[in-house]
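Pasting model_9.txt here (compact mmCIF, C-alpha atoms):
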```txt
# COMPACT_ATOMS: atom_id res chain seq x y z
CA MET A 1 101.93 10.17 46.96
CA SER A 2 101.52 9.36 43.29
CA GLU A 3 98.58 7.37 41.97
CA THR A 4 100.45 6.74 38.74
CA PRO A 5 100.66 2.98 38.24
CA VAL A 6 104.13 1.51 38.61
CA ILE A 7 105.31 -1.45 36.58
CA TYR A 8 108.12 -3.05 38.55
CA CYS A 9 110.52 -5.48 36.90
CA ARG A 10 112.30 -7.91 39.20
CA CYS A 11 114.86 -9.06 36.61
CA ALA A 12 114.49 -12.46 38.25
CA TYR A 13 115.84 -14.48 35.33
CA ALA A 14 119.30 -12.95 35.31
CA ASN A 15 119.69 -10.61 38.28
CA ALA A 16 121.17 -7.79 36.23
CA LEU A 17 119.74 -5.33 38.75
CA PRO A 18 121.63 -4.77 42.01
CA VAL A 19 119.83 -6.81 44.68
CA GLU A 20 119.93 -4.03 47.24
CA VAL A 21 118.31 -1.63 44.78
CA LYS A 22 115.55 -3.89 43.51
CA ASP A 23 114.77 -5.08 47.05
CA GLY A 24 114.94 -1.59 48.50
CA VAL A 25 112.66 -0.13 45.86
CA LEU A 26 110.13 -2.94 46.20
CA GLN A 27 110.16 -2.55 49.97
CA ASN A 28 109.46 1.14 49.62
CA LEU A 29 106.68 0.49 47.11
CA CYS A 30 105.18 -2.02 49.53
CA GLU A 31 105.11 0.65 52.20
CA ALA A 32 103.50 3.21 49.91
CA SER A 33 99.99 3.30 48.56
CA THR A 34 101.19 3.32 44.97
CA PRO A 35 99.45 0.79 42.72
CA VAL A 36 102.04 -1.74 41.57
CA GLN A 37 102.04 -4.27 38.80
CA ALA A 38 105.13 -6.36 39.38
CA VAL A 39 106.53 -8.69 36.77
CA SER A 40 109.20 -11.28 37.11
CA ASP A 41 111.28 -10.23 34.12
CA LEU A 42 110.50 -7.92 31.20
CA CYS A 43 113.16 -9.61 29.02
CA GLU A 44 111.52 -12.99 29.52
CA MET A 45 108.16 -11.46 28.68
CA SER A 46 109.54 -9.82 25.55
CA ALA A 47 111.06 -13.11 24.42
CA ARG A 48 107.61 -14.69 24.62
CA ASN A 49 105.73 -11.70 23.18
CA ASP A 50 103.74 -11.72 26.40
CA PRO A 51 100.36 -10.04 25.84
CA ARG A 52 100.74 -8.19 29.11
CA LEU A 53 103.34 -5.99 27.42
CA ALA A 54 100.64 -4.90 24.99
CA GLN A 55 98.36 -4.21 27.96
CA ILE A 56 101.01 -2.04 29.57
CA ALA A 57 101.57 -0.18 26.30
CA GLU A 58 97.81 0.35 25.97
CA GLN A 59 97.65 1.52 29.57
CA ALA A 60 100.37 4.07 28.81
CA LYS A 61 98.35 5.43 25.89
CA LYS A 62 95.53 6.24 28.29
CA GLY A 63 97.57 7.82 31.06
CA PRO A 64 100.95 8.10 32.71
CA VAL A 65 102.83 4.94 33.66
CA LYS A 66 106.14 4.55 35.44
CA ILE A 67 108.35 1.56 34.75
CA ALA A 68 111.01 0.51 37.22
CA ALA A 69 113.46 -1.63 35.30
CA CYS A 70 116.82 -0.97 33.65
CA TYR A 71 118.17 1.30 30.91
CA PRO A 72 115.36 3.23 29.20
CA ARG A 73 116.75 2.48 25.72
CA ALA A 74 116.68 -1.25 26.46
CA VAL A 75 113.22 -1.17 28.00
CA ARG A 76 111.66 0.76 25.12
CA TRP A 77 113.09 -1.55 22.47
CA LEU A 78 112.19 -4.66 24.48
CA PHE A 79 108.56 -3.60 24.21
CA HIS A 80 109.04 -2.86 20.53
CA ALA A 81 110.63 -6.27 20.00
CA ALA A 82 107.50 -7.87 21.43
CA GLY A 83 105.33 -5.95 18.98
CA SER A 84 104.03 -3.59 21.66
CA PRO A 85 105.90 -0.31 21.40
CA LEU A 86 105.49 2.13 24.25
CA PRO A 87 104.12 5.56 23.40
CA GLU A 88 106.62 8.40 23.42
CA GLU A 89 104.54 10.29 25.94
CA ASN A 90 103.23 9.16 29.32
CA VAL A 91 106.03 6.71 30.12
CA GLU A 92 108.74 7.37 32.66
CA ILE A 93 111.39 4.67 32.92
CA VAL A 94 113.34 4.53 36.15
CA ASN A 95 116.70 2.84 35.80
CA LEU A 96 117.31 0.51 38.73
CA ARG A 97 120.75 -0.40 37.38
CA GLU A 98 122.02 3.12 37.85
CA GLN A 99 119.84 4.92 40.35
CA SER A 100 119.98 4.65 44.13
CA VAL A 101 117.08 3.24 46.13
CA GLU A 102 116.22 6.72 47.33
CA ASP A 103 116.30 8.37 43.92
CA ALA A 104 114.38 5.56 42.25
CA THR A 105 111.73 5.50 44.97
CA ARG A 106 111.33 9.25 44.78
CA ALA A 107 110.89 9.09 41.02
CA LEU A 108 108.35 6.29 41.27
CA THR A 109 106.22 7.68 44.06
CA SER A 110 106.27 11.40 43.32
CA SER A 111 103.45 13.01 41.40
CA MET B 112 111.48 -27.07 29.00
CA VAL B 113 110.88 -23.38 28.44
CA SER B 114 107.46 -22.36 27.27
CA ASN B 115 106.88 -19.62 24.76
CA GLU B 116 103.26 -19.33 25.80
CA ALA B 117 101.98 -16.51 27.96
CA HIS B 118 102.23 -17.08 31.65
CA PRO B 119 99.26 -19.21 32.62
CA LEU B 120 98.59 -17.60 35.98
CA GLU B 121 98.76 -14.11 37.42
CA VAL B 122 98.49 -13.38 41.11
CA ILE B 123 96.42 -10.51 42.46
CA LEU B 124 97.38 -9.42 45.94
CA TYR B 125 94.07 -7.90 46.92
CA GLU B 126 93.87 -5.38 49.76
CA GLY B 127 90.63 -3.64 48.96
CA ARG B 128 87.12 -3.84 50.34
CA HIS B 129 86.19 -6.92 52.40
CA SER B 130 89.81 -7.68 53.16
CA HIS B 131 92.46 -6.66 55.65
CA PRO B 132 95.68 -5.04 54.44
CA LEU B 133 98.88 -6.97 54.93
CA SER B 134 101.82 -5.57 56.85
CA ALA B 135 104.42 -3.96 54.60
CA GLU B 136 106.89 -6.64 55.64
CA LEU B 137 104.61 -9.53 54.69
CA ARG B 138 103.59 -7.76 51.49
CA PHE B 139 107.24 -7.47 50.47
CA SER B 140 107.93 -11.07 51.42
CA VAL B 141 105.02 -12.35 49.33
CA MET B 142 105.63 -10.12 46.32
CA SER B 143 109.38 -10.69 46.12
CA GLY B 144 108.95 -14.42 46.71
CA LEU B 145 106.37 -14.79 43.96
CA LEU B 146 108.37 -12.67 41.52
CA ASP B 147 111.50 -14.72 42.17
CA ARG B 148 109.48 -17.82 41.27
CA GLY B 149 108.38 -16.31 37.98
CA TYR B 150 104.89 -15.05 38.84
CA ALA B 151 103.48 -11.67 37.95
CA VAL B 152 101.86 -9.98 40.93
CA THR B 153 99.53 -7.02 40.92
CA ARG B 154 98.72 -5.27 44.15
CA VAL B 155 95.12 -4.07 44.08
CA MET B 156 93.93 -1.68 46.74
CA ALA B 157 90.81 -0.26 45.16
CA SER B 158 87.58 -2.17 44.93
CA PRO B 159 87.74 -4.71 42.10
CA GLU B 160 85.42 -2.77 39.83
CA ASN B 161 87.73 0.23 40.05
CA SER B 162 91.01 -1.61 39.90
CA THR B 163 93.55 -1.20 37.16
CA ALA B 164 94.60 -4.83 37.33
CA PRO B 165 95.47 -6.19 33.90
CA THR B 166 93.02 -8.61 32.44
CA HIS B 167 94.46 -12.07 32.25
CA HIS B 168 92.76 -15.28 31.41
CA ARG B 169 93.57 -16.92 34.71
CA LEU B 170 93.89 -15.00 37.97
CA LEU B 171 94.49 -16.13 41.50
CA VAL B 172 93.31 -13.56 44.03
CA ILE B 173 94.99 -13.85 47.41
CA ALA B 174 93.91 -11.70 50.34
CA ASP B 175 93.39 -11.64 54.05
CA PHE B 176 89.67 -12.24 53.78
CA GLY B 177 89.43 -12.92 57.51
CA GLY B 178 89.25 -16.68 57.39
CA GLU B 179 87.13 -17.69 54.46
CA SER B 180 87.75 -17.50 50.73
CA PRO B 181 84.86 -15.86 48.94
CA ARG B 182 83.43 -17.28 45.74
CA ILE B 183 84.29 -14.93 42.93
CA GLU B 184 83.67 -15.11 39.24
CA ASP B 185 84.07 -12.94 36.19
CA ALA B 186 80.65 -11.64 35.21
CA ALA B 187 81.71 -11.69 31.57
CA GLY B 188 82.90 -15.26 31.88
CA GLU B 189 86.20 -14.46 30.22
CA ILE B 190 88.53 -14.84 33.14
CA ASP B 191 89.08 -17.93 35.23
CA LEU B 192 89.14 -16.53 38.76
CA ALA B 193 90.03 -18.21 42.01
CA ALA B 194 90.34 -16.72 45.49
CA ARG B 195 92.38 -17.95 48.41
CA ASP B 196 92.30 -16.63 51.95
CA ILE B 197 95.76 -16.01 53.40
CA SER B 198 94.80 -14.78 56.84
CA GLY B 199 97.19 -15.97 59.50
CA LEU B 200 99.70 -17.31 56.98
CA GLY B 201 103.37 -16.35 56.80
CA GLY B 202 105.29 -15.52 53.65
CA GLU B 203 106.51 -19.04 52.91
CA GLU B 204 103.08 -20.52 53.53
CA ILE B 205 101.52 -18.08 51.09
CA LEU B 206 104.09 -18.98 48.44
CA GLU B 207 103.35 -22.64 49.01
CA LEU B 208 99.62 -21.97 48.70
CA VAL B 209 100.13 -20.31 45.31
CA GLU B 210 102.44 -23.05 44.09
CA ASN B 211 99.97 -25.71 45.21
CA HIS B 212 97.14 -23.93 43.41
CA ARG B 213 99.18 -23.84 40.21
CA GLY B 214 100.04 -27.51 40.64
CA ASP B 215 96.42 -28.45 41.26
CA GLU B 216 95.43 -26.64 38.08
CA GLY B 217 98.20 -28.39 36.14
CA LEU B 218 99.69 -25.12 34.96
CA GLU B 219 103.27 -25.23 33.69
CA MET B 220 105.22 -22.00 33.50
CA ASN B 221 108.72 -20.69 32.98
CA GLN B 222 110.62 -20.05 36.16
CA PRO B 223 113.87 -18.23 36.89
CA GLY B 224 116.85 -20.52 36.82
CA GLN B 225 115.52 -22.61 33.95
CA TRP B 226 116.66 -20.22 31.28
CA LYS B 227 118.32 -16.85 30.83
CA PRO B 228 116.47 -14.52 28.47
CA TRP B 229 119.44 -13.73 26.28
CA PHE B 230 118.79 -12.36 22.83
CA PRO B 231 119.63 -9.24 20.81
CA VAL B 232 117.33 -6.24 20.98
CA ILE B 233 117.63 -3.80 18.09
CA ASP B 234 117.52 -0.05 18.65
CA TYR B 235 115.87 1.02 15.39
CA ASP B 236 116.65 4.66 16.12
CA ARG B 237 120.28 3.72 15.50
CA CYS B 238 120.04 0.79 13.10
CA THR B 239 120.88 1.60 9.48
CA ASN B 240 119.84 -1.82 8.14
CA CYS B 241 123.40 -2.56 7.04
CA MET B 242 122.94 -6.31 7.56
CA GLN B 243 126.31 -6.83 9.22
CA CYS B 244 124.63 -8.65 12.09
CA LEU B 245 122.77 -10.92 9.71
CA SER B 246 125.97 -11.71 7.84
CA PHE B 247 127.91 -12.28 11.03
CA CYS B 248 125.65 -14.49 13.11
CA LEU B 249 126.24 -18.19 12.57
CA PHE B 250 123.12 -19.23 14.38
CA ASP B 251 120.37 -17.80 12.22
CA VAL B 252 119.15 -15.40 14.89
CA TYR B 253 118.57 -12.58 12.41
CA GLY B 254 116.37 -12.31 9.35
CA VAL B 255 114.47 -9.68 7.45
CA ASP B 256 110.79 -8.83 7.43
CA ASP B 257 108.56 -8.40 4.38
CA GLU B 258 110.07 -4.97 3.79
CA ASN B 259 113.63 -6.29 4.04
CA LYS B 260 114.17 -4.66 7.37
CA ILE B 261 116.50 -6.44 9.75
CA GLN B 262 114.81 -8.14 12.67
CA VAL B 263 115.49 -10.72 15.33
CA GLN B 264 113.62 -13.80 14.18
CA ASN B 265 114.96 -16.69 16.21
CA ASN B 266 115.54 -15.60 19.82
CA ASP B 267 116.03 -19.14 20.97
CA ASN B 268 118.99 -19.69 18.65
CA CYS B 269 121.05 -17.01 20.39
CA LYS B 270 123.98 -18.31 22.42
CA THR B 271 123.64 -17.30 26.05
CA ASN B 272 126.15 -14.66 27.15
CA CYS B 273 127.49 -14.15 23.62
CA PRO B 274 127.19 -10.48 22.60
CA ALA B 275 129.45 -10.88 19.54
CA CYS B 276 126.94 -9.50 17.03
CA SER B 277 126.63 -6.31 19.03
CA ARG B 278 130.37 -5.82 18.53
CA VAL B 279 129.89 -6.08 14.81
CA CYS B 280 127.23 -3.40 14.67
CA PRO B 281 128.84 -0.16 13.46
CA GLU B 282 126.03 1.92 14.97
CA VAL B 283 125.96 0.24 18.40
CA ALA B 284 122.32 -0.53 17.71
CA ILE B 285 122.28 -4.04 19.14
CA MET B 286 121.64 -4.43 22.84
CA PHE B 287 121.65 -7.37 25.21
CA PRO B 288 119.79 -6.00 28.24
CA LYS B 289 121.22 -8.67 30.56
CA TYR B 290 124.80 -7.81 29.62
CA ALA B 291 126.94 -6.29 32.35
CA GLY B 292 128.55 -3.37 30.53
CA GLY B 293 127.40 -0.44 28.47
CA PRO B 294 126.42 0.41 25.87
CA ILE B 295 125.55 -3.21 25.01
CA ASN B 296 123.27 -3.33 28.05
CA GLY B 297 121.26 -0.39 26.72
CA ASP B 298 123.19 2.41 28.35
CA VAL B 299 123.48 5.67 26.44
CA VAL B 300 125.87 5.44 23.47
CA SER B 301 128.71 7.93 23.66
CA ASP B 302 130.99 9.19 20.89
CA SER B 303 133.85 7.17 22.33
CA ASP B 304 131.68 4.05 22.17
CA LEU B 305 131.18 4.66 18.48
CA GLU B 306 134.91 4.96 17.89
CA ARG B 307 135.58 1.81 19.87
CA GLU B 308 132.90 -0.08 18.01
CA LYS B 309 134.44 0.83 14.69
CA MET B 310 137.67 -0.84 15.76
CA LYS B 311 135.76 -3.91 16.78
CA VAL B 312 134.07 -4.09 13.43
CA ASP B 313 137.47 -4.42 11.85
CA ILE B 314 138.28 -7.33 14.13
CA SER B 315 134.87 -8.87 13.75
CA SER B 316 134.87 -8.64 10.01
CA LEU B 317 138.00 -10.76 10.04
CA LEU B 318 136.24 -13.28 12.17
CA GLY B 319 132.85 -13.06 10.60
CA GLY B 320 131.47 -12.62 7.14
CA ASP B 321 134.80 -11.93 5.48
CA ILE B 322 136.25 -15.12 6.83
CA TYR B 323 133.30 -17.17 5.76
CA SER B 324 133.48 -15.60 2.37
CA SER B 325 137.19 -16.23 2.25
CA LEU B 326 136.50 -19.91 2.48
CA ARG B 327 134.84 -19.57 -0.89
CA ARG B 328 136.88 -16.88 -2.55
CA ARG B 329 140.19 -16.62 -0.76
CA SER B 330 142.17 -16.05 -3.87
CA ASP B 331 140.14 -12.94 -4.68
CA ASP B 332 140.77 -11.39 -1.35
CA ALA B 333 144.41 -10.46 -1.31
CA LYS B 334 144.04 -8.14 1.61
CA SER B 335 142.43 -10.67 3.84
CA ARG B 336 144.65 -11.97 6.58
CA PHE B 337 143.54 -15.41 5.50
CA SER B 338 144.23 -14.93 1.86
CA LYS B 339 147.13 -17.33 1.96
CA GLU B 340 145.17 -20.11 3.51
CA ARG B 341 145.22 -23.19 1.38
CA SER B 342 142.40 -25.09 2.92
CA PRO B 343 139.11 -24.35 4.63
CA ASP B 344 140.31 -26.35 7.63
CA LYS B 345 143.35 -24.14 8.05
CA ALA B 346 141.30 -20.98 7.68
CA LEU B 347 138.86 -22.22 10.25
CA SER B 348 141.69 -23.11 12.59
CA GLU B 349 142.99 -19.56 12.30
CA ARG B 350 139.53 -18.19 12.78
CA LYS B 351 139.13 -20.24 15.92
CA LYS B 352 142.41 -18.89 17.28
CA CYS B 353 141.12 -15.38 16.82
CA LEU B 354 137.82 -16.29 18.43
CA ILE B 355 139.67 -17.76 21.39
CA LYS B 356 141.53 -14.49 21.72
CA LEU B 357 138.22 -12.67 21.74
CA ALA B 358 136.95 -15.14 24.30
CA GLY B 359 139.99 -14.35 26.41
CA ASP B 360 139.04 -10.70 26.17
CA GLY B 361 135.61 -11.60 27.47
CA MET B 362 133.83 -10.85 24.22
CA ILE B 363 132.68 -14.38 23.39
CA PRO B 364 131.90 -17.08 25.95
CA ALA B 365 134.12 -20.17 25.79
CA ASP B 366 131.17 -22.54 25.56
CA VAL B 367 130.09 -20.84 22.35
CA LEU B 368 133.48 -21.64 20.88
CA GLU B 369 133.21 -25.22 22.02
CA ASN B 370 129.89 -25.59 20.26
CA LEU B 371 130.76 -24.05 16.95
CA PRO B 372 129.23 -25.82 13.96
CA SER B 373 131.36 -28.05 11.76
CA PRO B 374 133.47 -26.36 9.05
CA GLN B 375 131.04 -27.47 6.38
CA GLU B 376 128.07 -26.14 8.34
CA ILE B 377 129.87 -22.84 8.91
CA ALA B 378 130.50 -22.49 5.22
CA GLU B 379 126.89 -23.31 4.40
CA ARG B 380 125.46 -21.03 7.04
CA ALA B 381 127.77 -18.19 6.12
CA GLU B 382 126.75 -18.56 2.50
CA MET B 383 123.07 -18.51 3.40
CA ALA B 384 123.43 -15.53 5.73
CA ALA B 385 125.46 -13.61 3.18
CA ALA B 386 122.87 -14.37 0.50
CA LYS B 387 120.05 -13.17 2.75
CA ALA B 388 121.94 -10.00 3.60
CA LYS B 389 122.88 -9.36 0.00
CA SER B 390 119.32 -9.90 -1.15
CA ALA B 391 117.93 -7.58 1.50
CA LEU B 392 120.48 -4.89 0.75
CA ALA B 393 119.77 -5.11 -2.96
CA ALA B 394 116.05 -4.84 -2.32
CA ASN B 395 116.58 -1.75 -0.20
CA GLN B 396 118.62 0.07 -2.82
```

In structure tokens, how does this file's structure come out?
Amino acid sequence: MSETPVIYCRCAYANALPVEVKDGVLQNLCEASTPVQAVSDLCEMSARNDPRLAQIAEQAKKGPVKIAACYPRAVRWLFHAAGSPLPEENVEIVNLREQSVEDATRALTSS
Amino acid sequence: MVSNEAHPLEVILYEGRHSHPLSAELRFSVMSGLLDRGYAVTRVMASPENSTAPTHHRLLVIADFGGESPRIEDAAGEIDLAARDISGLGGEEILELVENHRGDEGLEMNQPGQWKPWFPVIDYDRCTNCMQCLSFCLFDVYGVDDENKIQVQNNDNCKTNCPACSRVCPEVAIMFPKYAGGPINGDVVSDSDLEREKMKVDISSLLGGDIYSSLRRRSDDAKSRFSKERSPDKALSERKKCLIKLAGDGMIPADVLENLPSPQEIAERAEMAAAKAKSALAANQ
């Protein structure tokens, strides 16, 4: 089981993520021993320039981070829009809009 | 009222030393419930001194402490910490406990349902700084920075569910992450997307900057479909027809059409946007 921190986005403000996927992945994360930082909505945070985005970006500079959210291109530029660009290295973005629960969980919890 | 301030409270679901772990079912119930109410939740399993929890100025630590909430404080005095024991509580009761704590502290925060985070996100790997989006948008969403680089400056002005500016972008560089379809939602841009977007630019240019400009200099624009318009009102009427067609195609929400500015405002805004774009382009040459 991976000790890499997982940032999980719930997309709670617009429900762009399939409910069965975001619920299934969160359920699996809750059953695993993976450290999870869950946020309500990365878009909402980006709109407010939430300082936690900067903390996540800083965290990624120090070590690997996995982000469970939506399309990687959107996620990367959402961070950039908030003035907290993610580093090129160390960040794996798992796309909950496209991937199955099983594939996403495997990507998030594997070493 | 939507706040642009940072969230005032973060919840730590603590399952480390001196606490009992929750069942996976209850953990999911609590985490999903809090997230759906707009909270950020970090699950901490290590001892606090070894945790990777993000620092936040106000944290509520919830845990099954076995019946009594411990007194906790930040040794550095930088974080306002509170702890609540959740032993024996069900999911709904825990959510209520958190909501009550926030209420007692008088902390307002954004919550899902109040607002949809809808605004353009620029992919600068694709953007060529052509300023078409700035020229097109009637609502002053775009501007330029000190180096005349295009940027989104007024998120709140963006019209919810309207992705029209992304259709104008010849490089498919504008995303709306909450949009249903790709590549506007951030999906990978394909060659066919680029071809399709070029066609849309032609349509959009008729509806956007060229039309606004035509209000001012129609007679100079013989090729414009509106070149024969004799009055700004008639040109705007035609423009609206085209916009309604686009709305019918699902490209522009109907409520955006219903809330278009007055003809005079459109002319003024278009002139201002065009001037900003022109100035930025000139500065970049």

Open item on the list: Set the cut-off to 9 Å and count only C-alpha atoms: what are the residues of chain B that reach chain A? Output as a PyMOL selection string.
Closed with: chain B and resi 114-118+134-136+138-140+142-143+145-156+163-167+221-230+232-235+262-263+266-267+286-291+296-299

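What separates atom CA of B:Glu219 from atom CA of B:Ala193 is a distance of 17.1 Å.
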
- [ ] Can you work out the spacing between atom CA of B:Asp236 and atom CA of A:Ala57 in Å, to one decimal?
- [x]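 Straight-line distance from atom CA of B:Asp236 to atom CA of A:Ala57 works out to 18.8 Å.
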
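For the atom pair formed by atom CA of B:Arg278 and atom CA of B:Val300, the distance is 13.1 Å, given to one decimal.
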
TODO: Do a neighbour search on B:Asn259 at 9 Å with only C-alpha atoms, toss out local chain neighbours closer than 5 positions, and write the hits as a ChimeraX atom specification.
DONE: /B:240,254,390-392,394-395

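Distance annotation: of B:Asp185, B:Asp251, B:Glu121, B:Asp191, the residue with the minimal separation from B:Ala381 is B:Asp251; atom set is all atoms listed in the file.
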